[in-house]
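Trainee: Just my_file30.pdb, nothing more (PDB, C-alpha atoms (C1' of nucleotides)):
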ATOM      1  CA  MET A   1     -11.404  -7.449 -71.714
ATOM      2  CA  GLN A   2     -14.705  -7.429 -69.854
ATOM      3  CA  ARG A   3     -17.776  -7.778 -72.021
ATOM      4  CA  ASN A   4     -21.115  -6.354 -71.114
ATOM      5  CA  THR A   5     -23.398  -9.200 -72.109
ATOM      6  CA  ILE A   6     -27.141  -9.294 -71.729
ATOM      7  CA  GLN A   7     -26.757 -12.159 -69.253
ATOM      8  CA  ARG A   8     -24.459 -10.097 -67.110
ATOM      9  CA  LYS A   9     -26.795  -7.120 -67.274
ATOM     10  CA  ALA A  10     -29.799  -9.271 -66.426
ATOM     11  CA  ILE A  11     -28.097 -10.739 -63.342
ATOM     12  CA  GLN A  12     -26.948  -7.299 -62.247
ATOM     13  CA  GLN A  13     -30.525  -6.078 -62.610
ATOM     14  CA  VAL A  14     -31.867  -8.930 -60.492
ATOM     15  CA  PHE A  15     -29.776  -7.752 -57.557
ATOM     16  CA  ASP A  16     -30.654  -4.118 -58.158
ATOM     17  CA  ASP A  17     -34.334  -5.007 -57.956
ATOM     18  CA  CYS A  18     -34.052  -7.234 -54.913
ATOM     19  CA  GLU A  19     -33.276  -6.276 -51.347
ATOM     20  CA  HIS A  20     -32.708  -9.696 -49.848
ATOM     21  CA  PRO A  21     -30.007 -12.336 -50.401
ATOM     22  CA  LEU A  22     -30.602 -14.727 -53.284
ATOM     23  CA  SER A  23     -29.446 -18.267 -53.938
ATOM     24  CA  PRO A  24     -27.887 -19.081 -57.333
ATOM     25  CA  LYS A  25     -31.081 -20.851 -58.359
ATOM     26  CA  GLU A  26     -33.211 -17.890 -57.357
ATOM     27  CA  VAL A  27     -30.918 -15.690 -59.423
ATOM     28  CA  LEU A  28     -31.254 -18.079 -62.350
ATOM     29  CA  HIS A  29     -35.039 -18.075 -62.248
ATOM     30  CA  LYS A  30     -35.357 -14.337 -61.836
ATOM     31  CA  ALA A  31     -32.871 -13.619 -64.621
ATOM     32  CA  GLN A  32     -34.520 -16.132 -66.930
ATOM     33  CA  ILE A  33     -37.525 -13.829 -67.090
ATOM     34  CA  THR A  34     -35.431 -11.512 -69.245
ATOM     35  CA  VAL A  35     -32.964 -14.079 -70.662
ATOM     36  CA  PRO A  36     -34.997 -17.279 -70.984
ATOM     37  CA  ASN A  37     -32.238 -19.694 -71.958
ATOM     38  CA  LEU A  38     -29.768 -18.521 -69.359
ATOM     39  CA  GLY A  39     -27.661 -21.380 -67.964
ATOM     40  CA  LEU A  40     -26.816 -22.106 -64.365
ATOM     41  CA  ALA A  41     -23.081 -22.196 -65.139
ATOM     42  CA  THR A  42     -23.270 -18.630 -66.371
ATOM     43  CA  VAL A  43     -24.985 -17.614 -63.147
ATOM     44  CA  TYR A  44     -22.172 -19.117 -61.104
ATOM     45  CA  ARG A  45     -19.489 -17.575 -63.310
ATOM     46  CA  THR A  46     -21.138 -14.186 -63.121
ATOM     47  CA  LEU A  47     -21.706 -14.387 -59.363
ATOM     48  CA  ASN A  48     -18.053 -15.236 -58.798
ATOM     49  CA  GLY A  49     -17.052 -12.412 -61.107
ATOM     50  CA  PHE A  50     -19.226  -9.970 -59.203
ATOM     51  CA  ILE A  51     -17.720 -11.196 -55.938
ATOM     52  CA  ASP A  52     -14.209 -10.572 -57.285
ATOM     53  CA  GLU A  53     -15.215  -7.131 -58.481
ATOM     54  CA  GLY A  54     -16.715  -6.336 -55.104
ATOM     55  CA  ILE A  55     -20.227  -5.880 -56.478
ATOM     56  CA  LEU A  56     -21.637  -8.767 -54.462
ATOM     57  CA  THR A  57     -20.907 -10.477 -51.177
ATOM     58  CA  SER A  58     -21.865 -13.988 -50.166
ATOM     59  CA  VAL A  59     -24.096 -14.785 -47.240
ATOM     60  CA  ASP A  60     -23.635 -18.063 -45.404
ATOM     61  CA  VAL A  61     -26.878 -19.339 -44.000
ATOM     62  CA  PRO A  62     -26.764 -22.206 -41.497
ATOM     63  CA  GLY A  63     -27.900 -25.409 -43.134
ATOM     64  CA  GLU A  64     -28.645 -23.794 -46.492
ATOM     65  CA  ALA A  65     -26.847 -23.116 -49.733
ATOM     66  CA  GLN A  66     -24.826 -19.975 -50.262
ATOM     67  CA  ARG A  67     -26.724 -16.789 -51.006
ATOM     68  CA  TYR A  68     -25.576 -13.520 -52.511
ATOM     69  CA  GLU A  69     -26.443  -9.880 -51.995
ATOM     70  CA  ARG A  70     -25.159  -6.499 -53.090
ATOM     71  CA  ALA A  71     -21.925  -5.500 -51.406
ATOM     72  CA  GLY A  72     -21.315  -2.286 -49.579
ATOM     73  CA  LYS A  73     -24.573  -2.266 -47.704
ATOM     74  CA  HIS A  74     -24.840  -1.010 -44.181
ATOM     75  CA  HIS A  75     -24.003  -3.635 -41.542
ATOM     76  CA  HIS A  76     -27.074  -5.764 -41.022
ATOM     77  CA  HIS A  77     -28.337  -9.182 -40.071
ATOM     78  CA  HIS A  78     -30.976 -11.502 -41.441
ATOM     79  CA  PHE A  79     -34.392 -12.652 -40.443
ATOM     80  CA  ASN A  80     -35.503 -15.997 -41.826
ATOM     81  CA  CYS A  81     -39.212 -16.704 -42.047
ATOM     82  CA  ARG A  82     -39.950 -20.328 -41.186
ATOM     83  CA  LEU A  83     -43.244 -20.270 -43.041
ATOM     84  CA  CYS A  84     -42.506 -18.676 -46.408
ATOM     85  CA  GLY A  85     -38.726 -19.261 -46.378
ATOM     86  CA  ARG A  86     -37.923 -15.690 -47.365
ATOM     87  CA  MET A  87     -35.062 -13.803 -45.832
ATOM     88  CA  PHE A  88     -35.276 -10.220 -44.650
ATOM     89  CA  GLU A  89     -32.738  -7.715 -43.515
ATOM     90  CA  MET A  90     -32.599  -6.159 -40.072
ATOM     91  CA  GLU A  91     -30.790  -2.936 -39.367
ATOM     92  CA  GLY A  92     -28.283  -2.670 -36.541
ATOM     93  CA  CYS A  93     -26.908  -5.381 -34.314
ATOM     94  CA  PRO A  94     -26.599  -6.237 -30.614
ATOM     95  CA  ASP A  95     -24.064  -4.030 -28.895
ATOM     96  CA  ASP A  96     -22.958  -6.280 -26.066
ATOM     97  CA  LEU A  97     -21.351  -8.994 -28.161
ATOM     98  CA  ALA A  98     -17.853  -8.398 -26.841
ATOM     99  CA  ALA A  99     -19.069  -9.385 -23.384
ATOM    100  CA  LEU A 100     -19.802 -12.901 -24.618
ATOM    101  CA  VAL A 101     -16.335 -13.577 -25.997
ATOM    102  CA  PRO A 102     -14.209 -15.651 -23.608
ATOM    103  CA  LYS A 103     -11.136 -14.067 -22.106
ATOM    104  CA  GLY A 104      -8.118 -14.284 -24.409
ATOM    105  CA  PHE A 105     -10.219 -14.819 -27.514
ATOM    106  CA  HIS A 106     -10.129 -12.329 -30.368
ATOM    107  CA  MET A 107     -13.395 -11.460 -32.143
ATOM    108  CA  GLU A 108     -13.197 -10.586 -35.835
ATOM    109  CA  ASP A 109     -16.729 -10.968 -37.134
ATOM    110  CA  HIS A 110     -20.133 -12.117 -36.089
ATOM    111  CA  GLU A 111     -23.279 -13.365 -37.733
ATOM    112  CA  LEU A 112     -26.741 -13.331 -36.303
ATOM    113  CA  TYR A 113     -29.768 -15.136 -37.634
ATOM    114  CA  ILE A 114     -33.233 -14.694 -36.237
ATOM    115  CA  TYR A 115     -35.887 -17.240 -37.109
ATOM    116  CA  GLY A 116     -39.626 -16.820 -36.850
ATOM    117  CA  HIS A 117     -42.586 -15.554 -38.837
ATOM    118  CA  CYS A 118     -42.491 -12.526 -41.093
ATOM    119  CA  LYS A 119     -45.130  -9.825 -41.021
ATOM    120  CA  GLN A 120     -47.302 -11.371 -43.722
ATOM    121  CA  CYS A 121     -47.125 -14.888 -42.282
ATOM    122  CA  ALA A 122     -47.566 -13.828 -38.661
ATOM    123  CA  GLY A 123     -50.448 -11.509 -39.450
ATOM    124  CA  ALA A 124     -52.531 -14.090 -41.302
TER     125      ALA A 124
ATOM    126  CA  MET B   1     -33.729 -54.236 -29.176
ATOM    127  CA  GLN B   2     -30.983 -51.686 -28.552
ATOM    128  CA  ARG B   3     -27.469 -53.096 -28.193
ATOM    129  CA  ASN B   4     -24.807 -51.485 -26.137
ATOM    130  CA  THR B   5     -21.809 -51.923 -28.410
ATOM    131  CA  ILE B   6     -18.309 -50.723 -27.740
ATOM    132  CA  GLN B   7     -18.625 -48.345 -30.721
ATOM    133  CA  ARG B   8     -21.729 -46.804 -29.252
ATOM    134  CA  LYS B   9     -20.094 -46.476 -25.847
ATOM    135  CA  ALA B  10     -16.974 -44.945 -27.376
ATOM    136  CA  ILE B  11     -18.972 -42.326 -29.262
ATOM    137  CA  GLN B  12     -21.035 -41.546 -26.188
ATOM    138  CA  GLN B  13     -17.809 -41.130 -24.251
ATOM    139  CA  VAL B  14     -16.409 -38.730 -26.841
ATOM    140  CA  PHE B  15     -19.285 -36.352 -26.230
ATOM    141  CA  ASP B  16     -19.075 -36.792 -22.465
ATOM    142  CA  ASP B  17     -15.413 -35.769 -22.603
ATOM    143  CA  CYS B  18     -15.889 -32.853 -24.957
ATOM    144  CA  GLU B  19     -17.583 -29.547 -24.337
ATOM    145  CA  HIS B  20     -17.743 -28.217 -27.866
ATOM    146  CA  PRO B  21     -19.685 -29.316 -30.955
ATOM    147  CA  LEU B  22     -17.994 -31.978 -33.073
ATOM    148  CA  SER B  23     -18.213 -32.817 -36.738
ATOM    149  CA  PRO B  24     -18.754 -36.461 -37.710
ATOM    150  CA  LYS B  25     -15.111 -36.724 -38.744
ATOM    151  CA  GLU B  26     -13.929 -35.294 -35.446
ATOM    152  CA  VAL B  27     -16.112 -37.843 -33.687
ATOM    153  CA  LEU B  28     -14.624 -40.586 -35.848
ATOM    154  CA  HIS B  29     -11.051 -39.643 -35.055
ATOM    155  CA  LYS B  30     -11.627 -39.215 -31.347
ATOM    156  CA  ALA B  31     -13.543 -42.476 -31.046
ATOM    157  CA  GLN B  32     -10.913 -44.340 -33.071
ATOM    158  CA  ILE B  33      -8.509 -43.834 -30.174
ATOM    159  CA  THR B  34     -10.518 -46.427 -28.265
ATOM    160  CA  VAL B  35     -12.000 -48.327 -31.237
ATOM    161  CA  PRO B  36      -9.311 -48.154 -33.928
ATOM    162  CA  ASN B  37     -11.204 -49.699 -36.827
ATOM    163  CA  LEU B  38     -14.380 -47.729 -36.305
ATOM    164  CA  GLY B  39     -16.090 -46.815 -39.576
ATOM    165  CA  LEU B  40     -17.552 -43.486 -40.601
ATOM    166  CA  ALA B  41     -20.895 -45.092 -41.438
ATOM    167  CA  THR B  42     -21.219 -46.274 -37.862
ATOM    168  CA  VAL B  43     -20.523 -42.767 -36.635
ATOM    169  CA  TYR B  44     -23.343 -41.387 -38.768
ATOM    170  CA  ARG B  45     -25.712 -44.170 -37.730
ATOM    171  CA  THR B  46     -24.926 -43.644 -34.092
ATOM    172  CA  LEU B  47     -25.178 -39.857 -34.300
ATOM    173  CA  ASN B  48     -28.599 -40.124 -35.921
ATOM    174  CA  GLY B  49     -29.621 -42.637 -33.289
ATOM    175  CA  PHE B  50     -28.521 -40.303 -30.500
ATOM    176  CA  ILE B  51     -30.430 -37.455 -32.146
ATOM    177  CA  ASP B  52     -33.594 -39.560 -32.198
ATOM    178  CA  GLU B  53     -33.089 -40.517 -28.574
ATOM    179  CA  GLY B  54     -32.587 -36.896 -27.619
ATOM    180  CA  ILE B  55     -29.037 -37.452 -26.391
ATOM    181  CA  LEU B  56     -27.534 -35.133 -28.991
ATOM    182  CA  THR B  57     -28.614 -32.085 -30.930
ATOM    183  CA  SER B  58     -27.223 -30.879 -34.221
ATOM    184  CA  VAL B  59     -25.580 -27.518 -34.684
ATOM    185  CA  ASP B  60     -25.850 -25.817 -38.066
ATOM    186  CA  VAL B  61     -22.782 -23.781 -38.823
ATOM    187  CA  PRO B  62     -22.886 -21.349 -41.738
ATOM    188  CA  GLY B  63     -20.892 -22.748 -44.630
ATOM    189  CA  GLU B  64     -19.732 -25.853 -42.790
ATOM    190  CA  ALA B  65     -20.853 -29.403 -42.249
ATOM    191  CA  GLN B  66     -23.250 -30.310 -39.495
ATOM    192  CA  ARG B  67     -21.854 -30.623 -36.000
ATOM    193  CA  TYR B  68     -23.244 -32.341 -32.932
ATOM    194  CA  GLU B  69     -23.268 -31.672 -29.225
ATOM    195  CA  ARG B  70     -24.952 -33.016 -26.112
ATOM    196  CA  ALA B  71     -28.594 -32.076 -25.835
ATOM    197  CA  GLY B  72     -30.175 -30.304 -22.889
ATOM    198  CA  LYS B  73     -27.381 -27.856 -22.315
ATOM    199  CA  HIS B  74     -27.906 -24.332 -21.087
ATOM    200  CA  HIS B  75     -28.663 -21.827 -23.837
ATOM    201  CA  HIS B  76     -25.419 -20.788 -25.471
ATOM    202  CA  HIS B  77     -23.762 -19.652 -28.678
ATOM    203  CA  HIS B  78     -20.619 -20.602 -30.535
ATOM    204  CA  PHE B  79     -17.255 -19.130 -31.256
ATOM    205  CA  ASN B  80     -15.479 -20.359 -34.345
ATOM    206  CA  CYS B  81     -11.707 -20.081 -34.573
ATOM    207  CA  ARG B  82     -10.615 -19.151 -38.074
ATOM    208  CA  LEU B  83      -7.120 -20.540 -37.534
ATOM    209  CA  CYS B  84      -7.605 -23.958 -35.967
ATOM    210  CA  GLY B  85     -11.221 -24.438 -37.035
ATOM    211  CA  ARG B  86     -12.353 -25.493 -33.570
ATOM    212  CA  MET B  87     -15.620 -24.362 -32.118
ATOM    213  CA  PHE B  88     -16.123 -23.142 -28.575
ATOM    214  CA  GLU B  89     -19.146 -22.364 -26.467
ATOM    215  CA  MET B  90     -20.026 -18.975 -25.085
ATOM    216  CA  GLU B  91     -22.388 -18.557 -22.171
ATOM    217  CA  GLY B  92     -25.300 -16.150 -22.364
ATOM    218  CA  CYS B  93     -26.557 -14.175 -25.295
ATOM    219  CA  PRO B  94     -27.267 -10.574 -26.288
ATOM    220  CA  ASP B  95     -30.323  -9.239 -24.502
ATOM    221  CA  ASP B  96     -31.458  -6.601 -26.986
ATOM    222  CA  LEU B  97     -32.330  -8.933 -29.854
ATOM    223  CA  ALA B  98     -36.024  -8.116 -29.806
ATOM    224  CA  ALA B  99     -35.167  -4.526 -30.699
ATOM    225  CA  LEU B 100     -33.760  -5.678 -34.044
ATOM    226  CA  VAL B 101     -36.853  -7.539 -35.157
ATOM    227  CA  PRO B 102     -38.986  -5.472 -37.563
ATOM    228  CA  LYS B 103     -42.443  -4.426 -36.445
ATOM    229  CA  GLY B 104     -45.021  -7.126 -37.031
ATOM    230  CA  PHE B 105     -42.440  -9.907 -37.207
ATOM    231  CA  HIS B 106     -42.494 -12.728 -34.675
ATOM    232  CA  MET B 107     -39.178 -14.017 -33.339
ATOM    233  CA  GLU B 108     -38.980 -17.704 -32.430
ATOM    234  CA  ASP B 109     -35.272 -18.498 -32.250
ATOM    235  CA  HIS B 110     -31.933 -16.966 -32.915
ATOM    236  CA  GLU B 111     -28.441 -18.138 -33.671
ATOM    237  CA  LEU B 112     -25.262 -16.205 -33.157
ATOM    238  CA  TYR B 113     -21.824 -17.079 -34.446
ATOM    239  CA  ILE B 114     -18.705 -15.180 -33.554
ATOM    240  CA  TYR B 115     -15.604 -15.669 -35.670
ATOM    241  CA  GLY B 116     -12.030 -14.883 -34.754
ATOM    242  CA  HIS B 117      -9.039 -16.444 -33.055
ATOM    243  CA  CYS B 118      -9.246 -18.689 -30.024
ATOM    244  CA  LYS B 119      -7.061 -18.260 -26.968
ATOM    245  CA  GLN B 120      -4.321 -20.623 -28.138
ATOM    246  CA  CYS B 121      -4.188 -19.247 -31.682
ATOM    247  CA  ALA B 122      -4.397 -15.591 -30.667
ATOM    248  CA  GLY B 123      -1.831 -15.985 -27.903
ATOM    249  CA  ALA B 124       0.855 -17.506 -30.096
TER     250      ALA B 124
ATOM    251  C1'  DT C   1     -18.511  -5.504 -91.980
ATOM    252  C1'  DT C   2     -15.139  -8.412 -90.678
ATOM    253  C1'  DT C   3     -12.143 -10.209 -87.239
ATOM    254  C1'  DT C   4     -11.038 -11.455 -82.764
ATOM    255  C1'  DT C   5     -11.825 -13.751 -78.698
ATOM    256  C1'  DA C   6     -14.430 -13.437 -74.204
ATOM    257  C1'  DA C   7     -18.588 -15.305 -72.789
ATOM    258  C1'  DT C   8     -22.248 -18.495 -73.204
ATOM    259  C1'  DG C   9     -25.010 -22.873 -72.754
ATOM    260  C1'  DA C  10     -25.381 -27.692 -72.354
ATOM    261  C1'  DC C  11     -23.829 -31.110 -69.901
ATOM    262  C1'  DA C  12     -20.125 -33.876 -67.962
ATOM    263  C1'  DA C  13     -17.366 -34.080 -64.060
ATOM    264  C1'  DT C  14     -15.952 -33.063 -59.497
ATOM    265  C1'  DG C  15     -16.071 -32.748 -54.420
ATOM    266  C1'  DC C  16     -18.031 -33.518 -50.240
ATOM    267  C1'  DG C  17     -21.234 -34.971 -46.869
ATOM    268  C1'  DT C  18     -24.303 -38.456 -46.061
ATOM    269  C1'  DT C  19     -26.847 -42.841 -46.792
ATOM    270  C1'  DA C  20     -27.604 -47.651 -48.597
ATOM    271  C1'  DT C  21     -25.937 -52.338 -49.262
ATOM    272  C1'  DC C  22     -24.480 -56.576 -47.556
ATOM    273  C1'  DA C  23     -21.486 -60.060 -45.832
ATOM    274  C1'  DT C  24     -19.516 -60.454 -41.337
ATOM    275  C1'  DT C  25     -19.187 -59.648 -36.363
ATOM    276  C1'  DA C  26     -20.568 -59.566 -31.795
ATOM    277  C1'  DG C  27     -24.328 -58.256 -28.058
ATOM    278  C1'  DT C  28     -28.178 -60.392 -25.747
ATOM    279  C1'  DG C  29     -31.398 -63.800 -23.995
ATOM    280  C1'  DC C  30     -31.844 -68.470 -23.397
TER     281       DC C  30
ATOM    282  C1'  DG D   1     -22.099 -71.988 -24.790
ATOM    283  C1'  DC D   2     -25.564 -71.397 -28.424
ATOM    284  C1'  DA D   3     -28.806 -69.254 -31.376
ATOM    285  C1'  DC D   4     -30.640 -65.105 -32.883
ATOM    286  C1'  DT D   5     -30.273 -60.922 -35.014
ATOM    287  C1'  DA D   6     -28.910 -55.968 -34.357
ATOM    288  C1'  DA D   7     -24.868 -53.586 -35.323
ATOM    289  C1'  DT D   8     -20.644 -53.096 -37.683
ATOM    290  C1'  DG D   9     -17.160 -52.016 -41.406
ATOM    291  C1'  DA D  10     -15.943 -51.518 -46.150
ATOM    292  C1'  DT D  11     -17.324 -49.580 -49.949
ATOM    293  C1'  DA D  12     -20.532 -48.261 -53.439
ATOM    294  C1'  DA D  13     -23.996 -45.104 -54.274
ATOM    295  C1'  DC D  14     -26.471 -40.942 -53.719
ATOM    296  C1'  DG D  15     -27.703 -35.864 -53.579
ATOM    297  C1'  DC D  16     -26.425 -31.581 -54.160
ATOM    298  C1'  DA D  17     -23.827 -27.473 -55.079
ATOM    299  C1'  DT D  18     -20.286 -26.060 -57.801
ATOM    300  C1'  DT D  19     -16.785 -26.174 -61.518
ATOM    301  C1'  DG D  20     -14.679 -27.772 -65.951
ATOM    302  C1'  DT D  21     -14.994 -28.696 -70.976
ATOM    303  C1'  DC D  22     -15.740 -27.271 -75.451
ATOM    304  C1'  DA D  23     -18.164 -26.138 -79.588
ATOM    305  C1'  DT D  24     -20.874 -22.135 -80.504
ATOM    306  C1'  DT D  25     -22.328 -17.305 -80.018
ATOM    307  C1'  DA D  26     -21.970 -12.568 -79.872
ATOM    308  C1'  DA D  27     -19.539  -8.192 -77.884
ATOM    309  C1'  DA D  28     -16.055  -5.089 -79.140
ATOM    310  C1'  DA D  29     -12.196  -3.464 -81.958
ATOM    311  C1'  DA D  30     -10.409  -2.738 -86.457
TER     312       DA D  30
END
Please lay out the structure from this file as C-alpha cells.
Mentor:
Amino acid sequence: MQRNTIQRKAIQQVFDDCEHPLSPKEVLHKAQITVPNLGLATVYRTLNGFIDEGILTSVDVPGEAQRYERAGKHHHHHFNCRLCGRMFEMEGCPDDLAALVPKGFHMEDHELYIYGHCKQCAGA
Amino acid sequence: MQRNTIQRKAIQQVFDDCEHPLSPKEVLHKAQITVPNLGLATVYRTLNGFIDEGILTSVDVPGEAQRYERAGKHHHHHFNCRLCGRMFEMEGCPDDLAALVPKGFHMEDHELYIYGHCKQCAGA
DNA sequence: TTTTTAATGACAATGCGTTATCATTAGTGC
DNA sequence: GCACTAATGATAACGCATTGTCATTAAAAA
C-alpha cells in the first residue's frame, strides 16, 4: 500500500512549484525547507517512485548529474546558463533534424542543449 | 621533455583511424591491438596530454562517460546508436536554433544528440 | 487506540570513472 | 652503449552519485 507521507508530499510540492529540472540535491534542499531532517536516500527513493508512477521524468545533462522534472510536459529543450548555472526550458524544437540523420539510420529521439547567458545574467 | 613512446603513437593512431568519438575504454581496447599490455592509466594520461596539446577535444554525452575525438574538425553533431552503443558523426546542424532562444537570452553554443539505430543495427 | 507494516533517516556500501603512487621500463641526448 | 629521467603498468585510492541495510517512525486499517 502506498502511504502519503509528509516527505512525499513535500517533494511533490517542490516539483509543482518549480518549472525547471532539479538535481536530487536541489530537491533535497528545497524540500528540507518544509521537512528539515529529510534524508537524501528518501529523495532518491521518492524520485524513483515518481519515475515509476510516471509523475516525473529524468533529464540527462551532458557532463552533469541526472536531473528530474514533471512528466507529461509539452516537448521542449533546455537552455543552460553558463553564469548562474540555472536551466531553463525552451518551447519547440528545430524542424529539420531528419535531414541530418545519415542514410539508413533510424532516429528515435533527440536532445538539444543550448548554452549561453540567461536574461538576468546577459542583461547585467 | 616530451617522449614519443609506442603507447603514445598507438593512441594517436587510434584516433587517426577512427572518425567517431571514443571512450577511454574503447581507446584502450583498440590501442591494445598494437600494444597488448597497455594500461588504462596510460590511456587517461595520454588523453589528458592530447587535450592540453589541443590534439583532442572531449565530447560530453548525456548520461555517459566522457568521450574523445580529434580536435579542429568541422562543426558537427553526434548520433548515438541505442543498440550497439556506438557514436557517429553527422554533418551540419539545424539552422533555426536562434528562434528557440527566449528573448533576452544570449546563445553561445549548442549541442545536439540524436538517438536511434545505426545503419547496421537498423538494417538487420 | 491499537496494530500492522510501509516509509524514513542515518550511514555503510556499492559502482564506476578517473587519478595518484611507485617501482620498473624504455626514450633521448651524450 | 650509457646515464638520465619521463613514461609506463599495476594497483590502490579517490570522488561522486546512487543504492542497500536496518532499527525506528508514523500512516492507515481494524
Trainee: Give me, as an mmCIF file with C-alpha atoms, in the coordinates of the input, all polymer residues having an atom no more than 8 Å from region 109-115 of chain B, counting only C-alpha atoms (C1' of nucleotides) and skipping those fewer than 6 positions away in the same chain.
Mentor:
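Okay, this is what ended up in result17.cif:
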data_model
loop_
_atom_site.group_PDB
_atom_site.id
_atom_site.type_symbol
_atom_site.label_atom_id
_atom_site.label_comp_id
_atom_site.auth_asym_id
_atom_site.auth_seq_id
_atom_site.Cartn_x
_atom_site.Cartn_y
_atom_site.Cartn_z
ATOM 1 C CA MET A 107 -13.395 -11.460 -32.143
ATOM 2 C CA GLU A 108 -13.197 -10.586 -35.835
ATOM 3 C CA ASP A 109 -16.729 -10.968 -37.134
ATOM 4 C CA HIS A 110 -20.133 -12.117 -36.089
ATOM 5 C CA GLU A 111 -23.279 -13.365 -37.733
ATOM 6 C CA LEU A 112 -26.741 -13.331 -36.303
ATOM 7 C CA TYR A 113 -29.768 -15.136 -37.634
ATOM 8 C CA ILE A 114 -33.233 -14.694 -36.237
ATOM 9 C CA TYR A 115 -35.887 -17.240 -37.109
ATOM 10 C CA GLY A 116 -39.626 -16.820 -36.850
ATOM 11 C CA HIS B 77 -23.762 -19.652 -28.678
ATOM 12 C CA HIS B 78 -20.619 -20.602 -30.535
ATOM 13 C CA PHE B 79 -17.255 -19.130 -31.256
ATOM 14 C CA ASN B 80 -15.479 -20.359 -34.345
ATOM 15 C CA CYS B 81 -11.707 -20.081 -34.573
ATOM 16 C CA ARG B 82 -10.615 -19.151 -38.074
#
Trainee: Kindly provide the residues of chain B that approach chain C to within 10 Å, each paired with its closest atom pair and their distance in Å to one decimal, based on only C-alpha atoms (C1' of nucleotides), listed by chain and increasing number, as a tab-separated table.
Mentor:
residue	atom	partner	partner_atom	distance
B:Met1	CA	C:DT28	C1'	9.0
B:Gln2	CA	C:DG27	C1'	9.4
B:Arg3	CA	C:DG27	C1'	6.0
B:Asn4	CA	C:DG27	C1'	7.1
B:Thr5	CA	C:DG27	C1'	6.8
B:Ile6	CA	C:DG27	C1'	9.6
B:Pro24	CA	C:DG17	C1'	9.6
B:Ala41	CA	C:DT19	C1'	8.3
B:Tyr44	CA	C:DT18	C1'	7.9
B:Arg45	CA	C:DT19	C1'	9.2
B:Ala65	CA	C:DG17	C1'	7.2
B:Gln66	CA	C:DG17	C1'	9.0
Trainee: Name the residues captured by the PyMOL selection byres ((chain D) within 12 of (chain A)) when it is applied to the shown file; answer as a list in words.
Mentor: DC16, DA17, DT18, DT19, DG20, DT21, DT25, DA26, DA27, DA28 and DA29 of chain D
Trainee: Please put the answer as JSON: centre and edge lengths, in Å with one decimal, of a box along x, y and z that encloses all listed atoms of region 26-45 of chain B plus 3 Å on each side.
Mentor:
{"center_x": -17.1, "center_y": -42.5, "center_z": -34.9, "size_x": 23.2, "size_y": 20.4, "size_z": 19.2}
Trainee: Looking at B:Lys103, B:Pro62, B:Glu69, B:Ala98, which one is nearest to chain A, with distances taken over all atoms listed in the file?
Mentor: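 Using all atoms listed in the file, chain A sits closest to B:Pro62.
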Trainee: One decimal, Å: what's the distance from CA of Gln13 (chain A) over to CA of His74 (chain A), could you say?
Mentor: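 So the two atoms, CA of Gln13 (chain A) and CA of His74 (chain A), lie 19.9 Å apart.
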Trainee: CA of Gly123 (chain B) and CA of Tyr68 (chain B), how far apart in Å?
Mentor: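 Rounded to one decimal, the two atoms are 27.4 Å apart.
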Trainee: Near Cys93 (chain B), within 9 Å and counting all atoms listed in the file, which residues show up once chain neighbours fewer than 5 positions away are dropped, as a list in words?
Mentor: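 My reading of the contact set: Asp96, Leu97 and Leu100 of chain A; His75, His76, His77 and Leu112 of chain B.
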